[in-house]
Amino acid sequence: ELHVESIPINFLNSIDGTPLQAVHELDPRFCLKVLAMFRLTNPNAELRIAGGREVNLRSMQAMGMYPANSMFVSDYLTTPGQKAEEDFRMIADLGFEITAGDYESSKLLDLWNASVTVAQTVTPSVLPASDRD
């Protein structure tokens with residue numbers, strides 16, 4: 001076995017001028033099934049929702065945080081993401097909290113606490129409210 005600790009999950013975000021430019025967005029329910037399957041087959045891994053989540057999960061992004069326990073915030077390598085404060089609001093609305101397990105998460109907590117409008121791309125881990133204690 002590979003004992004994979006962390007799995008970033010990207011969803012296709014087609015870009016004009018690329019070979020996959022004509023591929024349409026994925027169905028949000030399909031994306032949630034993909035996340036659930038990754039969770040079932042990798043129960044101990046950190047699942048990280050990454051690029052394309054805004055485009056493909058759309059209004060169901062928050063539901064993706066139940067099978068996943070981490071997400072990339074702000075912009076990606078080739079496409080823009082949604083504003084960090086929108087991600088922060090979603091995390092708070094879910095009753096989750098950001099945990100600082102490393103330097104990048106620590107920087108993110110500082111941004112969260114300062115309520116800034118721009119954040120660097122980092123991967124915060126989140127815990128359901130029932131798992132905090």
# chains A, B, ... in the order shown; residues from 1 in each chain; ligands from 1
>>> residues_around(residues="A:Glu86", least_positions_apart="4", cutoff="10 Å", atoms="only C-alpha atoms", output="VMD selection string")
chain A and resid 73 to 74 82 90 to 92 117
>>> write_last_selection(atoms="C-alpha atoms", output="compact mmCIF listing (two decimals), in the first residue's frame")
# COMPACT_ATOMS: atom_id res chain seq x y z
CA VAL A 73 -8.23 29.14 -0.93
CA SER A 74 -8.10 32.00 -3.45
CA GLN A 82 -13.29 32.97 -5.51
CA MET A 90 -18.53 29.31 3.92
CA ILE A 91 -16.30 27.61 6.51
CA ALA A 92 -17.88 29.63 9.33
CA THR A 117 -9.81 40.91 1.66
>>> residues_around(residues="stretch 51-58 of chain A", least_positions_apart="6", cutoff="9 Å", atoms="only C-alpha atoms", output="PyMOL selection string")
chain A and resi 8-14+25-32+64+72+75-77+79-82
>>> closest_residue(among="A:Ile7, A:Met71, A:Ile98, A:Leu2", to="A:Arg39", atoms="only C-alpha atoms")
A:Ile7
>>> atom_distance(atom1="atom CA of A:Leu20", atom2="atom CA of A:Ala84")
27.4 Å
>>> closest_residue(among="A:Ala62, A:Val34, A:Ala45, A:Leu40", to="A:Val4", atoms="only C-alpha atoms")
A:Ala45
>>> select_by_dssp(residues="stretch 16-84 of chain A", states="strand (DSSP E)", output="PyMOL selection string")
chain A and resi 46-49+70-71
>>> closest_residue(among="A:Ala68, A:Ala22, A:Met63, A:Met37", to="A:Ile49", atoms="only C-alpha atoms")
A:Ala68
>>> atom_distance(atom1="atom CA of A:Leu47", atom2="atom CA of A:His24")
24.2 Å
